[in-house]
>>> print(open('model-v4.txt').read())   # compact mmCIF, C-alpha atoms
# COMPACT_ATOMS: atom_id res chain seq x y z
CA MET A 1 56.90 84.61 -51.55
CA SER A 2 55.67 86.94 -48.81
CA ASN A 3 57.09 90.40 -48.19
CA SER A 4 58.37 89.36 -44.74
CA VAL A 5 60.51 86.60 -46.27
CA ILE A 6 61.86 89.00 -48.88
CA ASN A 7 62.70 91.55 -46.17
CA TRP A 8 64.67 88.93 -44.23
CA PHE A 9 66.64 87.91 -47.34
CA LYS A 10 67.79 91.47 -47.91
CA TYR A 11 69.90 91.25 -44.73
CA ALA A 12 72.05 88.55 -46.38
CA SER A 13 73.95 91.43 -47.98
CA PRO A 14 76.82 92.91 -45.92
CA ALA A 15 75.69 96.40 -46.94
CA THR A 16 72.25 95.96 -45.31
CA PHE A 17 73.39 93.78 -42.42
CA TYR A 18 76.07 96.26 -41.29
CA PRO A 19 73.68 99.02 -40.09
CA LEU A 20 71.29 96.45 -38.60
CA ALA A 21 74.14 94.98 -36.53
CA GLY A 22 75.10 98.46 -35.39
CA ARG A 23 71.58 99.11 -34.08
CA LEU A 24 71.45 95.78 -32.23
CA VAL A 25 74.82 95.97 -30.47
CA PRO A 26 73.86 98.54 -27.76
CA TRP A 27 70.68 96.63 -26.88
CA PHE A 28 72.40 93.28 -26.45
CA SER A 29 75.34 94.89 -24.63
CA GLY A 30 73.02 96.47 -22.06
CA LEU A 31 71.02 93.28 -21.73
CA ALA A 32 74.22 91.29 -21.15
CA VAL A 33 75.35 93.59 -18.33
CA LEU A 34 71.98 93.41 -16.58
CA LEU A 35 71.53 89.63 -16.92
CA ILE A 36 75.09 88.73 -15.90
CA ALA A 37 74.92 91.03 -12.86
CA TRP A 38 71.56 89.51 -11.90
CA GLY A 39 72.77 85.96 -12.39
CA LEU A 40 75.93 86.52 -10.35
CA TRP A 41 73.94 88.09 -7.55
CA ILE A 42 71.69 85.03 -7.38
CA GLY A 43 74.61 82.61 -7.68
CA LEU A 44 76.85 84.27 -5.10
CA PHE A 45 74.41 85.68 -2.55
CA VAL A 46 70.93 84.19 -2.95
CA ALA A 47 71.42 80.52 -3.84
CA PRO A 48 71.82 78.29 -0.75
CA THR A 49 75.02 76.46 0.15
CA ASP A 50 75.17 72.98 -1.37
CA ALA A 51 75.04 70.16 1.19
CA GLN A 52 77.77 68.09 -0.51
CA GLN A 53 80.01 70.60 -2.29
CA SER A 54 79.68 73.50 0.16
CA GLU A 55 80.44 76.95 -1.32
CA GLY A 56 82.70 75.56 -4.04
CA TYR A 57 79.74 74.56 -6.17
CA ARG A 58 79.01 78.23 -6.99
CA ILE A 59 81.49 78.04 -9.86
CA ILE A 60 78.74 76.26 -11.81
CA PHE A 61 76.97 79.59 -12.35
CA VAL A 62 79.84 80.45 -14.72
CA HIS A 63 81.06 76.99 -15.72
CA VAL A 64 77.80 75.49 -16.94
CA PRO A 65 76.56 78.49 -19.01
CA ALA A 66 80.05 78.86 -20.52
CA SER A 67 80.01 75.18 -21.49
CA TRP A 68 76.57 75.52 -23.05
CA LEU A 69 77.62 78.57 -25.05
CA SER A 70 80.86 76.96 -26.25
CA MET A 71 78.86 74.11 -27.80
CA PHE A 72 76.01 76.26 -29.07
CA ILE A 73 78.31 78.74 -30.82
CA TYR A 74 80.09 75.93 -32.65
CA CYS A 75 76.72 74.61 -33.85
CA VAL A 76 75.87 78.12 -35.10
CA MET A 77 79.24 78.22 -36.88
CA ALA A 78 78.42 74.91 -38.58
CA PHE A 79 75.02 76.29 -39.61
CA TRP A 80 76.51 79.39 -41.23
CA SER A 81 79.25 77.28 -42.80
CA ALA A 82 76.69 74.98 -44.44
CA LEU A 83 74.70 78.00 -45.62
CA GLY A 84 77.81 79.60 -47.06
CA LEU A 85 78.86 76.47 -48.94
CA ALA A 86 75.34 75.84 -50.24
CA PHE A 87 74.48 79.38 -51.38
CA ASN A 88 77.95 80.98 -51.67
CA THR A 89 76.90 83.92 -49.47
CA ARG A 90 79.66 86.25 -48.37
CA LEU A 91 78.01 87.20 -45.08
CA SER A 92 77.92 83.55 -43.94
CA GLY A 93 81.70 83.31 -43.97
CA MET A 94 82.04 86.64 -42.20
CA LEU A 95 79.67 85.57 -39.43
CA THR A 96 81.45 82.23 -39.01
CA ALA A 97 84.78 84.03 -38.69
CA ALA A 98 83.27 86.46 -36.16
CA LEU A 99 81.84 83.63 -34.04
CA ALA A 100 85.05 81.61 -33.64
CA PRO A 101 86.98 83.84 -31.17
CA THR A 102 83.94 84.16 -28.89
CA GLY A 103 83.37 80.40 -29.02
CA ALA A 104 87.03 79.84 -28.16
CA LEU A 105 86.69 82.23 -25.21
CA PHE A 106 83.74 80.30 -23.78
CA ALA A 107 85.47 76.95 -24.38
CA PHE A 108 88.53 78.23 -22.49
CA LEU A 109 86.33 79.61 -19.71
CA SER A 110 84.57 76.25 -19.47
CA LEU A 111 87.89 74.38 -19.15
CA TRP A 112 89.39 76.83 -16.65
CA THR A 113 86.36 77.02 -14.37
CA GLY A 114 86.07 73.25 -14.65
CA ALA A 115 89.60 72.93 -13.35
CA LEU A 116 88.81 75.28 -10.45
CA TRP A 117 85.79 73.12 -9.66
CA GLY A 118 87.59 69.82 -10.15
CA LYS A 119 90.50 70.50 -7.80
CA PRO A 120 88.45 70.49 -4.55
CA MET A 121 85.95 67.91 -5.84
CA TRP A 122 88.30 65.37 -7.45
CA GLY A 123 91.64 66.36 -5.91
CA ALA A 124 93.13 67.18 -9.34
CA TRP A 125 93.11 70.14 -11.71
CA TRP A 126 92.74 67.88 -14.73
CA VAL A 127 91.87 64.27 -15.54
CA TRP A 128 91.61 62.66 -18.97
CA ASP A 129 87.89 62.25 -18.53
CA ALA A 130 85.70 61.77 -21.64
CA ARG A 131 83.79 65.02 -21.04
CA LEU A 132 86.92 67.07 -20.32
CA THR A 133 88.88 65.60 -23.22
CA SER A 134 86.10 66.20 -25.77
CA GLN A 135 85.70 69.77 -24.45
CA LEU A 136 89.45 70.30 -24.89
CA ILE A 137 89.13 69.05 -28.47
CA LEU A 138 86.39 71.63 -29.00
CA PHE A 139 88.75 74.37 -27.81
CA PHE A 140 91.42 73.13 -30.25
CA LEU A 141 88.84 73.07 -33.06
CA TYR A 142 88.15 76.74 -32.43
CA LEU A 143 91.87 77.55 -32.41
CA GLY A 144 92.38 75.43 -35.53
CA PHE A 145 89.60 77.29 -37.33
CA ILE A 146 91.11 80.67 -36.44
CA ALA A 147 94.61 79.54 -37.45
CA LEU A 148 93.39 78.06 -40.74
CA GLN A 149 91.60 81.23 -41.76
CA SER A 150 94.58 83.36 -40.77
CA ALA A 151 96.91 81.20 -42.91
CA ILE A 152 94.95 81.78 -46.14
CA ASP A 153 95.23 85.20 -47.74
CA ASP A 154 92.16 85.01 -49.97
CA PRO A 155 89.08 85.59 -47.74
CA ARG A 156 86.76 83.51 -49.94
CA ARG A 157 89.12 80.53 -49.92
CA ALA A 158 89.62 80.97 -46.18
CA ASP A 159 85.85 80.94 -45.66
CA ARG A 160 85.46 77.70 -47.62
CA ALA A 161 88.33 75.98 -45.82
CA GLY A 162 87.03 77.12 -42.43
CA ALA A 163 83.51 76.00 -43.33
CA LEU A 164 84.71 72.46 -44.08
CA LEU A 165 86.57 72.31 -40.76
CA ALA A 166 83.51 73.60 -38.87
CA LEU A 167 81.24 71.01 -40.49
CA VAL A 168 83.65 68.15 -39.79
CA GLY A 169 84.25 69.29 -36.22
CA VAL A 170 80.55 69.58 -35.33
CA VAL A 171 80.50 65.80 -34.81
CA ASN A 172 82.32 66.50 -31.54
CA ILE A 173 79.31 68.33 -30.05
CA PRO A 174 77.11 65.25 -29.45
CA ILE A 175 80.20 63.47 -28.13
CA ILE A 176 80.64 66.18 -25.49
CA TYR A 177 76.96 66.15 -24.57
CA PHE A 178 76.50 62.37 -24.35
CA SER A 179 79.97 61.50 -23.03
CA VAL A 180 78.72 61.14 -19.44
CA GLN A 181 76.13 58.61 -20.67
CA TRP A 182 78.31 56.68 -23.12
CA TRP A 183 81.35 56.24 -20.86
CA ASN A 184 82.10 55.84 -17.16
CA THR A 185 83.35 59.34 -16.31
CA LEU A 186 84.19 61.37 -13.22
CA HIS A 187 82.17 64.30 -14.55
CA GLN A 188 78.67 64.39 -13.10
CA GLY A 189 75.64 63.99 -15.36
CA ALA A 190 73.52 66.84 -16.64
CA SER A 191 71.70 68.77 -13.94
CA VAL A 192 69.31 70.24 -16.52
CA SER A 193 67.51 68.04 -19.04
CA LEU A 194 64.65 68.51 -21.48
CA THR A 195 63.21 65.10 -20.59
CA LYS A 196 63.18 65.21 -16.78
CA ALA A 197 62.92 67.60 -13.86
CA PRO A 198 66.13 69.44 -12.86
CA SER A 199 68.16 67.89 -10.04
CA MET A 200 68.82 71.21 -8.27
CA ALA A 201 66.99 73.83 -6.27
CA HIS A 202 64.75 76.16 -8.25
CA ILE A 203 66.76 79.27 -7.32
CA MET A 204 69.99 77.60 -8.49
CA LEU A 205 68.43 76.75 -11.84
CA GLU A 206 67.07 80.27 -12.16
CA GLY A 207 70.50 81.80 -11.56
CA MET A 208 72.14 79.43 -14.04
CA LEU A 209 69.60 80.15 -16.79
CA ILE A 210 69.87 83.91 -16.24
CA MET A 211 73.65 83.66 -16.54
CA ALA A 212 73.25 81.62 -19.74
CA LEU A 213 71.00 84.33 -21.21
CA GLY A 214 73.55 86.96 -20.13
CA PHE A 215 76.38 85.09 -21.83
CA TRP A 216 74.21 84.62 -24.90
CA SER A 217 73.50 88.37 -25.05
CA TYR A 218 77.20 89.13 -24.58
CA ALA A 219 78.10 86.73 -27.40
CA ILE A 220 75.63 88.36 -29.77
CA ALA A 221 76.89 91.86 -28.97
CA VAL A 222 80.55 90.91 -29.42
CA VAL A 223 79.98 88.87 -32.57
CA LEU A 224 77.94 91.65 -34.19
CA THR A 225 80.66 94.16 -33.33
CA ARG A 226 83.34 91.87 -34.74
CA VAL A 227 81.43 91.08 -37.94
CA ARG A 228 81.01 94.81 -38.57
CA CYS A 229 84.80 95.13 -38.45
CA ILE A 230 85.20 92.16 -40.81
CA ILE A 231 82.66 93.66 -43.22
CA LEU A 232 84.54 96.95 -43.30
CA GLU A 233 87.86 95.15 -43.90
CA ARG A 234 86.52 93.09 -46.79
CA GLU A 235 84.24 95.74 -48.31
CA LEU A 236 86.67 98.63 -47.94
CA THR A 237 86.62 99.51 -51.64
CA SER A 238 82.84 99.21 -52.01
CA GLU A 239 80.84 102.31 -52.80
CA TRP A 240 78.48 101.86 -49.84
CA VAL A 241 81.43 101.85 -47.42
CA LYS A 242 82.83 105.03 -48.94
CA ARG A 243 79.42 106.72 -48.69
CA ASN A 244 78.97 105.70 -45.03
CA ALA A 245 82.58 105.92 -43.85
CA VAL A 246 81.59 108.19 -40.97
CA ASP A 247 78.78 105.88 -39.72
>>> encode(input="model-v4.txt", output="structure tokens")
Amino acid sequence: MSNSVINWFKYASPATFYPLAGRLVPWFSGLAVLLIAWGLWIGLFVAPTDAQQSEGYRIIFVHVPASWLSMFIYCVMAFWSALGLAFNTRLSGMLTAALAPTGALFAFLSLWTGALWGKPMWGAWWVWDARLTSQLILFFLYLGFIALQSAIDDPRRADRAGALLALVGVVNIPIIYFSVQWWNTLHQGASVSLTKAPSMAHIMLEGMLIMALGFWSYAIAVVLTRVRCIILERELTSEWVKRNAVD
């Protein structure tokens, strides 16, 4: 096994991951501020007015990246859950627990901005559309994960129970993504696809991708900050915490 692989494995320990997370937080926080400000500037002031949806379409510069992140974060939760169950690593459960509130935030933001977009476009704040309903289920999965972990006093048991829920719930992600193809829905199809050219102006796509990167940077900064708090709570009696209590 190469030295680089061994060096990566050492960060599976909370004691070594804690200082690494602390060094990364300021970088991702600054990057998030810059990218989100840049993306909003493009979305609000540079991107042209849409011919069909007028100025109301600009909500997509928040709605679409938030929707992407809400699904991506749940997939990352499922990944760490599988890793934790397979290798019984403590850090996996801590990271999964740290990801859930941020994922719930983006799922809520996706639903709320979707409602703001849907009212002028569809004439209703909410419809029981396949895409909207599956996204609402995702939000409830996040809340259910948080509630389940909070209801179990033993952190290790809570991690295992939450991991099972995350792995079962991940089946909802492809349902959200393919819902507009599988069913006749009001929600428009994907504007960005890996298999075909985007159906929007280049500057619109640029603003949306920059916002997505900004949200991604924000999520990393917040999750790393939260996992540091979780590590300190669970490792409070460890010698390394006592030695670095001031850090």
>>> residues_around(input="model-v4.txt", residues="Ser81 (chain A)", least_positions_apart="4", cutoff="8 Å", atoms="all atoms listed in the file", output="list in words")
Met77, Leu85, Ser92, Gly93, Thr96, Arg160, Gly162, Ala163, Leu164, Ala166 and Leu167 of chain A
>>> residues_around(input="model-v4.txt", residues="Gly43 (chain A)", least_positions_apart="5", cutoff="8 Å", atoms="all atoms listed in the file", output="VMD selection string")
chain A and resid 58 61 204 207 to 208
>>> write_last_selection(input="model-v4.txt", atoms="C-alpha atoms", output="tab-separated table (two decimals), in the frame of the given file")
chain	number	residue	atom	x	y	z
A	58	ARG	CA	79.01	78.23	-6.99
A	61	PHE	CA	76.97	79.59	-12.35
A	204	MET	CA	69.99	77.60	-8.49
A	207	GLY	CA	70.50	81.80	-11.56
A	208	MET	CA	72.14	79.43	-14.04
>>> residues_around(input="model-v4.txt", residues="Ala98 (chain A)", least_positions_apart="4", cutoff="6 Å", atoms="all atoms listed in the file", output="list in words")
Val223, Arg226 and Val227 of chain A
>>> residues_near_point(input="model-v4.txt", point="(74.7, 79.3, -1.3)", cutoff="12 Å", atoms="all atoms listed in the file", output="PyMOL selection string")
chain A and resi 40-61+201+203-204+207
>>> atom_distance(input="model-v4.txt", atom1="CA of Ala130 (chain A)", atom2="CA of Trp112 (chain A)")
16.3 Å
>>> residues_around(input="model-v4.txt", residues="Leu31 (chain A)", least_positions_apart="5", cutoff="9 Å", atoms="only C-alpha atoms", output="JSON, numbers by chain")
{"A": [26, 36, 213, 214, 217, 218]}
>>> closest_atom_pairs(input="model-v4.txt", of="region 40-117 of chain A", to="region 140-152 of chain A", cutoff="7 Å", atoms="only C-alpha atoms", output="tab-separated table")
residue	atom	partner	partner_atom	distance
A:Ala100	CA	A:Tyr142	CA	5.9
A:Gly103	CA	A:Tyr142	CA	6.9
A:Ala104	CA	A:Tyr142	CA	5.4
>>> residues_around(input="model-v4.txt", residues="Ala115 (chain A)", least_positions_apart="2", cutoff="8 Å", atoms="only C-alpha atoms", output="ChimeraX atom specification")
/A:111-113,117-119,124-126
>>> write_last_selection(input="model-v4.txt", atoms="C-alpha atoms", output="PDB file, in the frame of the given file")
ATOM      1  CA  LEU A 111      87.890  74.380 -19.150  1.00  0.00           C
ATOM      2  CA  TRP A 112      89.390  76.830 -16.650  1.00  0.00           C
ATOM      3  CA  THR A 113      86.360  77.020 -14.370  1.00  0.00           C
ATOM      4  CA  TRP A 117      85.790  73.120  -9.660  1.00  0.00           C
ATOM      5  CA  GLY A 118      87.590  69.820 -10.150  1.00  0.00           C
ATOM      6  CA  LYS A 119      90.500  70.500  -7.800  1.00  0.00           C
ATOM      7  CA  ALA A 124      93.130  67.180  -9.340  1.00  0.00           C
ATOM      8  CA  TRP A 125      93.110  70.140 -11.710  1.00  0.00           C
ATOM      9  CA  TRP A 126      92.740  67.880 -14.730  1.00  0.00           C
TER      10      TRP A 126
END
>>> closest_residue(input="model-v4.txt", among="A:Gln135, A:Val62, A:Ala97, A:Thr89", to="Arg228 (chain A)", atoms="all atoms listed in the file")
A:Ala97
>>> closest_residue(input="model-v4.txt", among="A:Ile220, A:Leu95, A:Leu136, A:Ala78", to="Val168 (chain A)", atoms="only C-alpha atoms")
A:Ala78
>>> atom_distance(input="model-v4.txt", atom1="CA of Leu20 (chain A)", atom2="CA of Leu224 (chain A)")
9.3 Å
>>> atom_distance(input="model-v4.txt", atom1="CA of Trp128 (chain A)", atom2="CA of Phe108 (chain A)")
16.3 Å
>>> closest_residue(input="model-v4.txt", among="A:Val170, A:Leu209, A:Ala158, A:Leu232", to="Cys75 (chain A)", atoms="only C-alpha atoms")
A:Val170
>>> closest_residue(input="model-v4.txt", among="A:Pro101, A:Gly114, A:Ile173, A:Phe28", to="Val127 (chain A)", atoms="only C-alpha atoms")
A:Gly114
